[in-house]
Amino acid sequence: MTTTKPRTLPLSKRGLNFEMLMWIFTRLSALAMYALILIAIIGALIMGARTQMNMADVLRWGFMPNSSHVQSTNVPDLAPWASPFWKVTAGLLLFVAVAHGVHGLVVISDDYIVSARGRNIARIISIIMVISFSLMGLYIIWTS
Amino acid sequence: MQVTLKIFRYNPEVDKTFHYETYTLEAEETDRILDLLEKVKGYHDGALSFRRSCAHGVCGSDAMRINGRNMLACKALVRDVGNRITVEPLLGLKVVKDLIVDMEPFFDNYKKILPYFINDSPLPADGRERLQSPEQRARFDETTKCILCAACTTSCPSFWASDQYYGPAALVTAHRFIFDSRDEAAAERMHIIAETDGLARCHTAYNCTLACPREIPITKAIGELKMATITGKVE
């Protein structure tokens with residue numbers, strides 16, 4: 001008789017620790033960034049970017065949909081570009097990008113820092129960076 | 001045909017640093033690089049040091065860098081690498097002498113993933129074998145082929161950066177046991193390979209897959225382990 005025991009590990013036994021969760025987050029956040037940038041570009045085209053902005057300005061908006069990024073274009077009214085929807089979209093993009101990028105730095109630092117203490121320090125610094133960059137970015141997004 | 005063989009040399013008792021020595025040898029294009037090294041050791045310099053054992057691609061002793069790529073010297077033929085050949089020790093491990101590297105960090109990492117069959121259940125009623133179907137056996141067939149030559153692990157940039165990283169060979173062995181339907185320590189191994197120096201340090205460079213002399217799809221196996229942490233499916 002062959003073994004017929006179920007071979008699916010329960011969630012608690014898959015080794016899903018912080019390290020692996022961040023590994024998964026890094027993959028998903030990259031996809032999320034693509035999605036958010038696409039939403040911003042489609043939104044810009046709907047709001048009239050095709051006739052009021054050049055490609056460079058559209059991309060600038062796409063990578064960070066903040067109304068200050070369309071001030072120097074031919075857009076007549078900034079109000080639709082500064083709606084709460086775009087602020088939330090920009091905030092999400094900011095958080096995802098900062099967390100993705102800073103985690104990438106942590107992964108690189110792990111190549112050079114091998115002591116447990118050193119790695120803990122690198123992780124504490126990375127958390128401070130994520131929080132401070134996100135707060136600064138959110139302040140700019142929400143006040144512009 | 002004549003071949004030029006440039007060999008990495010380092011004798012810790014004499015040399016402050018490494019150097020290369022070049023030999024011109026008569027060779028057939030079907031000669032193996034191991035044959036050339038034996039010729040140098042036998043007829044030119046008996047002090048040349050390298051590991052070899054079975055000389056038929058099974059024991060994994062003679063992995064080294066040949067023209068910049070990790071290969072087994074007993075499997076690489078002159079016709080495959082050309083007549084200007086550079087032979088160097090594996091990267092990422094300390095050179096002991098000439099082409100011999102200290103394999104301890106490699107085996108230390110290998111031991112971390114519990115590289116042995118674990119099943120504490122009572123024996124089947126007939127008291128003999130724990131059977132599995134051909135499909136269950138096929139699930140981990142490719143990762144049983146590992147010969148622990150370290151060609152994969154020492155081709156990995158993550159391992160070059162830190163020998164604390166378990167490395168592809170250890171993860172391949174983890175795959176071999178985790179996906180074995182008879183083994184009962186999958187959860188334990190999953191926790192071990194999820195540590196900081198485990199799975200997450202594989203950045204899918206694919207060097208390991210290219211380096212493996214047994215043609216094990218190593219990156220795919222590591223990918224399956226990553227998926228198993230998400231889905232929990234180990235069958």
# chains A, B, ... in the order shown; residues from 1 in each chain; ligands from 1
$ interface_residues --of "chain A" --to "chain B" --cutoff "7 Å" --atoms "only C-alpha atoms" --output "short mmCIF file (atom, residue, chain, number, x, y, z; two decimals) with C-alpha atoms, in the first residue's frame"
data_model
loop_
_atom_site.label_atom_id
_atom_site.label_comp_id
_atom_site.auth_asym_id
_atom_site.auth_seq_id
_atom_site.Cartn_x
_atom_site.Cartn_y
_atom_site.Cartn_z
CA MET A 1 0.00 0.00 0.00
CA THR A 2 1.27 3.48 -0.80
CA THR A 3 1.16 6.40 1.59
CA ARG A 7 0.39 16.28 1.87
CA THR A 8 -0.75 19.86 2.37
CA LEU A 9 0.88 21.60 5.30
CA PRO A 10 -1.33 23.79 7.49
CA LEU A 11 -0.54 27.51 7.48
CA LYS A 13 3.72 24.66 9.43
CA ARG A 14 4.82 26.22 6.16
CA GLY A 15 7.65 28.25 7.61
CA LEU A 16 5.80 31.47 6.83
CA ASN A 17 7.93 33.72 9.05
CA GLU A 19 11.38 36.69 6.16
CA MET A 20 9.20 34.65 3.81
CA TRP A 23 9.73 37.80 0.21
CA ASP A 111 24.87 39.86 1.70
CA TYR A 112 27.39 41.86 3.70
#
$ residues_around --residues "Gln52 of chain A" --least-positions-apart "4" --cutoff "8 Å" --atoms "only C-alpha atoms" --output "ChimeraX atom specification"
/A:48,73-75
$ select_by_dssp --residues "segment 14-140 of chain A" --states "helix (DSSP H, G or I)" --output "number ranges by chain"
A: 18-46, 49-52, 55-63, 67-70, 79-82, 84-112, 116-140
$ select_by_dssp --residues "segment 2-234 of chain B" --states "strand (DSSP E or B)" --output "MDAnalysis selection string"
chainID B and resid 2:9 19:26 32 63:66 69:72 77 84:88 95:97 100:101 131 233
$ write_last_selection --atoms "C-alpha atoms" --output "PDB file, in the first residue's frame"
ATOM      1  CA  GLN B   2      48.274  20.859 -28.488  1.00  0.00           C
ATOM      2  CA  VAL B   3      46.480  22.464 -25.578  1.00  0.00           C
ATOM      3  CA  THR B   4      47.578  25.232 -23.266  1.00  0.00           C
ATOM      4  CA  LEU B   5      46.555  24.500 -19.711  1.00  0.00           C
ATOM      5  CA  LYS B   6      46.711  27.416 -17.283  1.00  0.00           C
ATOM      6  CA  ILE B   7      46.308  26.237 -13.707  1.00  0.00           C
ATOM      7  CA  PHE B   8      45.639  28.232 -10.534  1.00  0.00           C
ATOM      8  CA  ARG B   9      48.395  27.432  -8.048  1.00  0.00           C
ATOM      9  CA  HIS B  19      49.643  32.533  -9.159  1.00  0.00           C
ATOM     10  CA  TYR B  20      49.008  30.704 -12.419  1.00  0.00           C
ATOM     11  CA  GLU B  21      51.246  28.185 -14.122  1.00  0.00           C
ATOM     12  CA  THR B  22      50.887  27.329 -17.780  1.00  0.00           C
ATOM     13  CA  TYR B  23      51.600  23.947 -19.351  1.00  0.00           C
ATOM     14  CA  THR B  24      51.583  22.962 -23.006  1.00  0.00           C
ATOM     15  CA  LEU B  25      50.386  19.409 -23.473  1.00  0.00           C
ATOM     16  CA  GLU B  26      49.620  16.966 -26.251  1.00  0.00           C
ATOM     17  CA  ARG B  32      38.900  14.968 -20.223  1.00  0.00           C
ATOM     18  CA  ALA B  63      34.234  20.171  -9.408  1.00  0.00           C
ATOM     19  CA  MET B  64      36.310  23.189 -10.436  1.00  0.00           C
ATOM     20  CA  ARG B  65      36.161  26.277 -12.608  1.00  0.00           C
ATOM     21  CA  ILE B  66      37.124  25.478 -16.174  1.00  0.00           C
ATOM     22  CA  ARG B  69      32.440  27.867 -15.533  1.00  0.00           C
ATOM     23  CA  ASN B  70      31.882  25.337 -12.789  1.00  0.00           C
ATOM     24  CA  MET B  71      32.222  21.818 -14.179  1.00  0.00           C
ATOM     25  CA  LEU B  72      33.389  18.372 -13.218  1.00  0.00           C
ATOM     26  CA  LEU B  77      36.162  17.216 -22.649  1.00  0.00           C
ATOM     27  CA  ARG B  84      43.236  27.209 -24.311  1.00  0.00           C
ATOM     28  CA  ILE B  85      42.052  26.035 -20.915  1.00  0.00           C
ATOM     29  CA  THR B  86      42.138  27.812 -17.577  1.00  0.00           C
ATOM     30  CA  VAL B  87      41.478  25.736 -14.476  1.00  0.00           C
ATOM     31  CA  GLU B  88      40.711  27.405 -11.151  1.00  0.00           C
ATOM     32  CA  VAL B  95      41.431  27.587  -1.108  1.00  0.00           C
ATOM     33  CA  VAL B  96      43.365  24.968   0.826  1.00  0.00           C
ATOM     34  CA  LYS B  97      45.922  24.216  -1.880  1.00  0.00           C
ATOM     35  CA  ILE B 100      41.366  22.057  -3.424  1.00  0.00           C
ATOM     36  CA  VAL B 101      38.887  24.183  -1.483  1.00  0.00           C
ATOM     37  CA  LEU B 131       5.780   1.904  -0.508  1.00  0.00           C
ATOM     38  CA  LYS B 233       1.280  21.681  -0.970  1.00  0.00           C
TER      39      LYS B 233
END
$ residues_around --residues "segment 124-130 of chain A" --least-positions-apart "5" --cutoff "9 Å" --atoms "only C-alpha atoms" --output "PyMOL selection string"
chain A and resi 95+98-99+102-103+105-106+119+135
$ write_last_selection --atoms "N, CA and C atoms" --output "PDB file, in the first residue's frame"
ATOM      1  N   PHE A  95       3.681  54.081  -0.402  1.00  0.00           N
ATOM      2  CA  PHE A  95       3.956  53.069   0.634  1.00  0.00           C
ATOM      3  C   PHE A  95       4.526  51.793   0.028  1.00  0.00           C
ATOM      4  N   VAL A  98       8.109  52.443  -1.275  1.00  0.00           N
ATOM      5  CA  VAL A  98       9.100  52.611  -0.193  1.00  0.00           C
ATOM      6  C   VAL A  98       9.382  51.261   0.467  1.00  0.00           C
ATOM      7  N   ALA A  99       8.313  50.510   0.783  1.00  0.00           N
ATOM      8  CA  ALA A  99       8.511  49.212   1.448  1.00  0.00           C
ATOM      9  C   ALA A  99       9.270  48.252   0.538  1.00  0.00           C
ATOM     10  N   VAL A 102      13.010  49.603   0.247  1.00  0.00           N
ATOM     11  CA  VAL A 102      13.788  49.461   1.479  1.00  0.00           C
ATOM     12  C   VAL A 102      14.021  47.979   1.779  1.00  0.00           C
ATOM     13  N   HIS A 103      13.025  47.142   1.514  1.00  0.00           N
ATOM     14  CA  HIS A 103      13.259  45.701   1.725  1.00  0.00           C
ATOM     15  C   HIS A 103      14.350  45.187   0.797  1.00  0.00           C
ATOM     16  N   LEU A 105      16.904  46.900  -0.100  1.00  0.00           N
ATOM     17  CA  LEU A 105      18.164  47.300   0.546  1.00  0.00           C
ATOM     18  C   LEU A 105      18.527  46.338   1.678  1.00  0.00           C
ATOM     19  N   VAL A 106      17.505  45.914   2.421  1.00  0.00           N
ATOM     20  CA  VAL A 106      17.766  44.966   3.522  1.00  0.00           C
ATOM     21  C   VAL A 106      18.337  43.661   2.961  1.00  0.00           C
ATOM     22  N   ARG A 119      22.365  42.386  11.623  1.00  0.00           N
ATOM     23  CA  ARG A 119      21.139  42.281  10.819  1.00  0.00           C
ATOM     24  C   ARG A 119      19.958  42.925  11.532  1.00  0.00           C
ATOM     25  N   LEU A 135       5.889  58.964   5.968  1.00  0.00           N
ATOM     26  CA  LEU A 135       5.256  60.143   6.583  1.00  0.00           C
ATOM     27  C   LEU A 135       5.573  61.407   5.800  1.00  0.00           C
TER      28      LEU A 135
END
$ residues_around --residues "Leu92 of chain A" --least-positions-apart "3" --cutoff "12 Å" --atoms "only C-alpha atoms" --output "JSON, numbers by chain"
{"A": [29, 32, 33, 35, 36, 37, 39, 40, 63, 64, 65, 66, 85, 86, 87, 88, 89, 95, 96, 97, 98, 99, 100, 134, 137, 138, 141]}
$ write_last_selection --atoms "N, CA and C atoms" --output "PDB file, in the first residue's frame"
ATOM      1  N   SER A  29       4.208  43.419  -4.234  1.00  0.00           N
ATOM      2  CA  SER A  29       4.270  44.881  -4.291  1.00  0.00           C
ATOM      3  C   SER A  29       4.752  45.350  -5.663  1.00  0.00           C
ATOM      4  N   ALA A  32       1.770  45.265  -7.681  1.00  0.00           N
ATOM      5  CA  ALA A  32       0.875  46.356  -7.259  1.00  0.00           C
ATOM      6  C   ALA A  32       1.338  47.690  -7.848  1.00  0.00           C
ATOM      7  N   MET A  33       2.670  47.877  -7.895  1.00  0.00           N
ATOM      8  CA  MET A  33       3.185  49.131  -8.464  1.00  0.00           C
ATOM      9  C   MET A  33       2.801  49.252  -9.939  1.00  0.00           C
ATOM     10  N   ALA A  35       0.233  47.926 -11.357  1.00  0.00           N
ATOM     11  CA  ALA A  35      -1.212  48.162 -11.424  1.00  0.00           C
ATOM     12  C   ALA A  35      -1.526  49.629 -11.116  1.00  0.00           C
ATOM     13  N   LEU A  36      -0.908  50.173 -10.043  1.00  0.00           N
ATOM     14  CA  LEU A  36      -1.201  51.553  -9.642  1.00  0.00           C
ATOM     15  C   LEU A  36      -0.725  52.556 -10.702  1.00  0.00           C
ATOM     16  N   ILE A  37       0.448  52.275 -11.282  1.00  0.00           N
ATOM     17  CA  ILE A  37       0.961  53.172 -12.333  1.00  0.00           C
ATOM     18  C   ILE A  37       0.029  53.140 -13.544  1.00  0.00           C
ATOM     19  N   ILE A  39      -3.172  52.444 -13.492  1.00  0.00           N
ATOM     20  CA  ILE A  39      -4.401  53.169 -13.112  1.00  0.00           C
ATOM     21  C   ILE A  39      -4.172  54.672 -13.273  1.00  0.00           C
ATOM     22  N   ALA A  40      -3.011  55.155 -12.813  1.00  0.00           N
ATOM     23  CA  ALA A  40      -2.725  56.592 -12.886  1.00  0.00           C
ATOM     24  C   ALA A  40      -2.651  57.060 -14.336  1.00  0.00           C
ATOM     25  N   PHE A  63       4.048  57.719 -12.431  1.00  0.00           N
ATOM     26  CA  PHE A  63       4.902  57.182 -11.367  1.00  0.00           C
ATOM     27  C   PHE A  63       4.586  57.786 -10.002  1.00  0.00           C
ATOM     28  N   MET A  64       3.944  58.947  -9.952  1.00  0.00           N
ATOM     29  CA  MET A  64       3.480  59.522  -8.689  1.00  0.00           C
ATOM     30  C   MET A  64       2.335  60.488  -8.987  1.00  0.00           C
ATOM     31  N   PRO A  65       1.083  60.007  -8.910  1.00  0.00           N
ATOM     32  CA  PRO A  65      -0.060  60.842  -9.286  1.00  0.00           C
ATOM     33  C   PRO A  65      -0.351  61.954  -8.270  1.00  0.00           C
ATOM     34  N   ASN A  66       0.514  62.934  -8.273  1.00  0.00           N
ATOM     35  CA  ASN A  66       0.372  64.067  -7.367  1.00  0.00           C
ATOM     36  C   ASN A  66       0.106  65.316  -8.202  1.00  0.00           C
ATOM     37  N   PHE A  85      -9.276  60.624  -4.424  1.00  0.00           N
ATOM     38  CA  PHE A  85      -8.958  59.342  -5.068  1.00  0.00           C
ATOM     39  C   PHE A  85      -7.485  59.289  -5.463  1.00  0.00           C
ATOM     40  N   TRP A  86      -7.010  60.372  -6.077  1.00  0.00           N
ATOM     41  CA  TRP A  86      -5.613  60.390  -6.527  1.00  0.00           C
ATOM     42  C   TRP A  86      -4.654  60.488  -5.339  1.00  0.00           C
ATOM     43  N   LYS A  87      -5.114  61.148  -4.272  1.00  0.00           N
ATOM     44  CA  LYS A  87      -4.253  61.221  -3.080  1.00  0.00           C
ATOM     45  C   LYS A  87      -4.076  59.842  -2.467  1.00  0.00           C
ATOM     46  N   VAL A  88      -5.185  59.092  -2.442  1.00  0.00           N
ATOM     47  CA  VAL A  88      -5.101  57.727  -1.891  1.00  0.00           C
ATOM     48  C   VAL A  88      -4.232  56.853  -2.809  1.00  0.00           C
ATOM     49  N   THR A  89      -4.460  56.997  -4.120  1.00  0.00           N
ATOM     50  CA  THR A  89      -3.656  56.205  -5.067  1.00  0.00           C
ATOM     51  C   THR A  89      -2.167  56.527  -4.901  1.00  0.00           C
ATOM     52  N   PHE A  95       3.681  54.081  -0.402  1.00  0.00           N
ATOM     53  CA  PHE A  95       3.956  53.069   0.634  1.00  0.00           C
ATOM     54  C   PHE A  95       4.526  51.793   0.028  1.00  0.00           C
ATOM     55  N   VAL A  96       3.878  51.334  -1.049  1.00  0.00           N
ATOM     56  CA  VAL A  96       4.315  50.086  -1.686  1.00  0.00           C
ATOM     57  C   VAL A  96       5.744  50.238  -2.214  1.00  0.00           C
ATOM     58  N   ALA A  97       6.033  51.381  -2.846  1.00  0.00           N
ATOM     59  CA  ALA A  97       7.358  51.596  -3.431  1.00  0.00           C
ATOM     60  C   ALA A  97       8.429  51.705  -2.349  1.00  0.00           C
ATOM     61  N   VAL A  98       8.109  52.443  -1.275  1.00  0.00           N
ATOM     62  CA  VAL A  98       9.100  52.611  -0.193  1.00  0.00           C
ATOM     63  C   VAL A  98       9.382  51.261   0.467  1.00  0.00           C
ATOM     64  N   ALA A  99       8.313  50.510   0.783  1.00  0.00           N
ATOM     65  CA  ALA A  99       8.511  49.212   1.448  1.00  0.00           C
ATOM     66  C   ALA A  99       9.270  48.252   0.538  1.00  0.00           C
ATOM     67  N   HIS A 100       8.919  48.249  -0.744  1.00  0.00           N
ATOM     68  CA  HIS A 100       9.580  47.370  -1.714  1.00  0.00           C
ATOM     69  C   HIS A 100      11.069  47.734  -1.830  1.00  0.00           C
ATOM     70  N   SER A 134       7.619  57.391   4.428  1.00  0.00           N
ATOM     71  CA  SER A 134       6.177  57.347   4.162  1.00  0.00           C
ATOM     72  C   SER A 134       5.491  58.584   4.737  1.00  0.00           C
ATOM     73  N   GLY A 137       6.392  61.643   2.658  1.00  0.00           N
ATOM     74  CA  GLY A 137       5.712  61.560   1.369  1.00  0.00           C
ATOM     75  C   GLY A 137       4.229  61.846   1.504  1.00  0.00           C
ATOM     76  N   LEU A 138       3.625  61.250   2.532  1.00  0.00           N
ATOM     77  CA  LEU A 138       2.183  61.467   2.736  1.00  0.00           C
ATOM     78  C   LEU A 138       1.894  62.938   3.009  1.00  0.00           C
ATOM     79  N   ILE A 141       2.032  64.671  -0.310  1.00  0.00           N
ATOM     80  CA  ILE A 141       0.875  64.287  -1.148  1.00  0.00           C
ATOM     81  C   ILE A 141      -0.396  64.977  -0.639  1.00  0.00           C
TER      82      ILE A 141
END
$ residues_around --residues "segment 207-212 of chain B" --least-positions-apart "2" --cutoff "10 Å" --atoms "only C-alpha atoms" --output "MDAnalysis selection string"
chainID B and resid 63 65 69:72 146:157 167:169 204:205 214:221
$ atom_distance --atom1 "atom CA of Ala27 of chain B" --atom2 "atom CA of Lys39 of chain B"
9.7 Å
$ closest_residue --among "B:Ala73, B:Asp35, B:Cys202, B:Asp108" --to "Val107 of chain A" --atoms "only C-alpha atoms"
B:Cys202
$ decode --residues "segment 106-226 of chain B" --atoms "C-alpha atoms" --output "PDB file, in the first residue's frame"
ATOM      1  CA  PHE B 106      29.243  23.768   2.173  1.00  0.00           C
ATOM      2  CA  PHE B 107      28.632  20.633   4.229  1.00  0.00           C
ATOM      3  CA  ASP B 108      27.712  22.655   7.335  1.00  0.00           C
ATOM      4  CA  ASN B 109      24.905  24.229   5.324  1.00  0.00           C
ATOM      5  CA  TYR B 110      23.934  20.859   3.910  1.00  0.00           C
ATOM      6  CA  LYS B 111      23.586  19.385   7.403  1.00  0.00           C
ATOM      7  CA  LYS B 112      21.281  22.220   8.505  1.00  0.00           C
ATOM      8  CA  ILE B 113      18.373  20.969   6.400  1.00  0.00           C
ATOM      9  CA  LEU B 114      18.390  17.466   8.003  1.00  0.00           C
ATOM     10  CA  PRO B 115      19.536  15.579   4.911  1.00  0.00           C
ATOM     11  CA  TYR B 116      18.190  12.179   5.902  1.00  0.00           C
ATOM     12  CA  PHE B 117      14.898  10.308   5.785  1.00  0.00           C
ATOM     13  CA  ILE B 118      12.680  10.946   8.814  1.00  0.00           C
ATOM     14  CA  ASN B 119       9.674   8.759   9.528  1.00  0.00           C
ATOM     15  CA  ASP B 120       8.860   7.742  13.089  1.00  0.00           C
ATOM     16  CA  SER B 121       5.574   5.982  12.242  1.00  0.00           C
ATOM     17  CA  PRO B 122       5.379   2.231  12.912  1.00  0.00           C
ATOM     18  CA  LEU B 123       6.474   0.027  10.049  1.00  0.00           C
ATOM     19  CA  PRO B 124       3.739  -1.171   7.663  1.00  0.00           C
ATOM     20  CA  ALA B 125       1.885  -4.395   8.565  1.00  0.00           C
ATOM     21  CA  ASP B 126       4.238  -6.551   6.515  1.00  0.00           C
ATOM     22  CA  GLY B 127       7.137  -5.042   8.457  1.00  0.00           C
ATOM     23  CA  ARG B 128       9.076  -4.276   5.318  1.00  0.00           C
ATOM     24  CA  GLU B 129       8.928  -1.331   2.969  1.00  0.00           C
ATOM     25  CA  ARG B 130       7.109   2.018   3.027  1.00  0.00           C
ATOM     26  CA  LEU B 131       5.780   1.904  -0.508  1.00  0.00           C
ATOM     27  CA  GLN B 132       4.977   4.821  -2.772  1.00  0.00           C
ATOM     28  CA  SER B 133       3.467   5.028  -6.233  1.00  0.00           C
ATOM     29  CA  PRO B 134       5.608   5.715  -9.325  1.00  0.00           C
ATOM     30  CA  GLU B 135       3.995   9.180  -9.478  1.00  0.00           C
ATOM     31  CA  GLN B 136       4.933   9.935  -5.866  1.00  0.00           C
ATOM     32  CA  ARG B 137       8.485   8.793  -6.586  1.00  0.00           C
ATOM     33  CA  ALA B 138       8.660  10.850  -9.769  1.00  0.00           C
ATOM     34  CA  ARG B 139       7.755  14.000  -7.817  1.00  0.00           C
ATOM     35  CA  PHE B 140      11.266  14.327  -6.402  1.00  0.00           C
ATOM     36  CA  ASP B 141      13.175  12.199  -8.893  1.00  0.00           C
ATOM     37  CA  GLU B 142      15.317  14.994 -10.263  1.00  0.00           C
ATOM     38  CA  THR B 143      16.512  16.236  -6.905  1.00  0.00           C
ATOM     39  CA  THR B 144      17.712  12.740  -5.948  1.00  0.00           C
ATOM     40  CA  LYS B 145      20.439  13.112  -8.566  1.00  0.00           C
ATOM     41  CA  CYS B 146      22.545  15.561  -6.549  1.00  0.00           C
ATOM     42  CA  ILE B 147      26.120  14.356  -6.012  1.00  0.00           C
ATOM     43  CA  LEU B 148      27.139  17.187  -3.651  1.00  0.00           C
ATOM     44  CA  CYS B 149      29.916  18.431  -5.914  1.00  0.00           C
ATOM     45  CA  ALA B 150      29.157  22.050  -4.853  1.00  0.00           C
ATOM     46  CA  ALA B 151      29.249  23.294  -8.456  1.00  0.00           C
ATOM     47  CA  CYS B 152      25.828  24.905  -7.965  1.00  0.00           C
ATOM     48  CA  THR B 153      26.392  26.467  -4.560  1.00  0.00           C
ATOM     49  CA  THR B 154      29.757  27.948  -5.551  1.00  0.00           C
ATOM     50  CA  SER B 155      28.266  29.461  -8.714  1.00  0.00           C
ATOM     51  CA  CYS B 156      25.627  31.326  -6.695  1.00  0.00           C
ATOM     52  CA  PRO B 157      26.145  35.079  -6.146  1.00  0.00           C
ATOM     53  CA  SER B 158      24.223  34.910  -2.856  1.00  0.00           C
ATOM     54  CA  PHE B 159      26.687  32.274  -1.610  1.00  0.00           C
ATOM     55  CA  TRP B 160      29.683  34.323  -2.793  1.00  0.00           C
ATOM     56  CA  ALA B 161      28.362  37.187  -0.690  1.00  0.00           C
ATOM     57  CA  SER B 162      27.915  35.066   2.424  1.00  0.00           C
ATOM     58  CA  ASP B 163      28.652  31.397   3.031  1.00  0.00           C
ATOM     59  CA  GLN B 164      25.941  31.488   5.690  1.00  0.00           C
ATOM     60  CA  TYR B 165      23.404  31.128   2.856  1.00  0.00           C
ATOM     61  CA  TYR B 166      22.358  27.488   2.719  1.00  0.00           C
ATOM     62  CA  GLY B 167      22.950  27.440  -1.020  1.00  0.00           C
ATOM     63  CA  PRO B 168      21.303  25.582  -3.894  1.00  0.00           C
ATOM     64  CA  ALA B 169      22.686  22.123  -3.031  1.00  0.00           C
ATOM     65  CA  ALA B 170      21.185  22.191   0.470  1.00  0.00           C
ATOM     66  CA  LEU B 171      17.861  23.468  -0.893  1.00  0.00           C
ATOM     67  CA  VAL B 172      17.840  20.750  -3.560  1.00  0.00           C
ATOM     68  CA  THR B 173      18.263  18.166  -0.804  1.00  0.00           C
ATOM     69  CA  ALA B 174      15.494  19.850   1.200  1.00  0.00           C
ATOM     70  CA  HIS B 175      13.284  19.483  -1.898  1.00  0.00           C
ATOM     71  CA  ARG B 176      14.245  15.820  -2.216  1.00  0.00           C
ATOM     72  CA  PHE B 177      12.920  15.054   1.292  1.00  0.00           C
ATOM     73  CA  ILE B 178      10.068  17.568   1.584  1.00  0.00           C
ATOM     74  CA  PHE B 179       8.385  16.191  -1.553  1.00  0.00           C
ATOM     75  CA  ASP B 180       8.999  12.553  -0.604  1.00  0.00           C
ATOM     76  CA  SER B 181       5.583  11.101   0.360  1.00  0.00           C
ATOM     77  CA  ARG B 182       7.248   8.763   2.905  1.00  0.00           C
ATOM     78  CA  ASP B 183       9.064  11.502   4.809  1.00  0.00           C
ATOM     79  CA  GLU B 184       7.358  13.079   7.833  1.00  0.00           C
ATOM     80  CA  ALA B 185       9.568  16.075   8.571  1.00  0.00           C
ATOM     81  CA  ALA B 186       8.395  18.395   5.792  1.00  0.00           C
ATOM     82  CA  ALA B 187       7.106  21.002   8.267  1.00  0.00           C
ATOM     83  CA  GLU B 188      10.352  20.953  10.240  1.00  0.00           C
ATOM     84  CA  ARG B 189      12.411  21.421   7.080  1.00  0.00           C
ATOM     85  CA  MET B 190      10.119  24.169   5.813  1.00  0.00           C
ATOM     86  CA  HIS B 191      10.776  26.099   9.018  1.00  0.00           C
ATOM     87  CA  ILE B 192      14.516  25.608   8.638  1.00  0.00           C
ATOM     88  CA  ILE B 193      14.698  26.780   5.023  1.00  0.00           C
ATOM     89  CA  ALA B 194      12.481  29.790   5.787  1.00  0.00           C
ATOM     90  CA  GLU B 195      15.225  31.270   8.000  1.00  0.00           C
ATOM     91  CA  THR B 196      17.027  34.452   6.940  1.00  0.00           C
ATOM     92  CA  ASP B 197      19.823  32.501   5.226  1.00  0.00           C
ATOM     93  CA  GLY B 198      17.456  30.100   3.509  1.00  0.00           C
ATOM     94  CA  LEU B 199      14.981  30.325   0.637  1.00  0.00           C
ATOM     95  CA  ALA B 200      14.583  34.098   0.623  1.00  0.00           C
ATOM     96  CA  ARG B 201      18.249  34.563  -0.277  1.00  0.00           C
ATOM     97  CA  CYS B 202      17.748  32.832  -3.629  1.00  0.00           C
ATOM     98  CA  HIS B 203      17.444  35.662  -6.140  1.00  0.00           C
ATOM     99  CA  THR B 204      16.858  33.315  -9.111  1.00  0.00           C
ATOM    100  CA  ALA B 205      20.174  34.083 -10.803  1.00  0.00           C
ATOM    101  CA  TYR B 206      19.938  30.647 -12.485  1.00  0.00           C
ATOM    102  CA  ASN B 207      23.729  30.137 -12.227  1.00  0.00           C
ATOM    103  CA  CYS B 208      23.118  26.942 -10.253  1.00  0.00           C
ATOM    104  CA  THR B 209      20.971  25.395 -12.956  1.00  0.00           C
ATOM    105  CA  LEU B 210      23.627  26.135 -15.587  1.00  0.00           C
ATOM    106  CA  ALA B 211      26.420  24.809 -13.386  1.00  0.00           C
ATOM    107  CA  CYS B 212      24.851  21.510 -12.314  1.00  0.00           C
ATOM    108  CA  PRO B 213      26.719  18.602 -13.957  1.00  0.00           C
ATOM    109  CA  ARG B 214      23.711  16.362 -13.277  1.00  0.00           C
ATOM    110  CA  GLU B 215      21.379  18.762 -15.072  1.00  0.00           C
ATOM    111  CA  ILE B 216      19.048  19.098 -12.108  1.00  0.00           C
ATOM    112  CA  PRO B 217      16.590  21.983 -12.684  1.00  0.00           C
ATOM    113  CA  ILE B 218      17.711  23.572  -9.418  1.00  0.00           C
ATOM    114  CA  THR B 219      16.058  26.967  -9.752  1.00  0.00           C
ATOM    115  CA  LYS B 220      12.773  25.208 -10.538  1.00  0.00           C
ATOM    116  CA  ALA B 221      13.150  23.032  -7.435  1.00  0.00           C
ATOM    117  CA  ILE B 222      13.819  26.108  -5.284  1.00  0.00           C
ATOM    118  CA  GLY B 223      10.803  27.776  -6.889  1.00  0.00           C
ATOM    119  CA  GLU B 224       8.671  24.788  -5.900  1.00  0.00           C
ATOM    120  CA  LEU B 225       9.865  25.155  -2.315  1.00  0.00           C
ATOM    121  CA  LYS B 226       8.926  28.851  -2.400  1.00  0.00           C
TER     122      LYS B 226
END
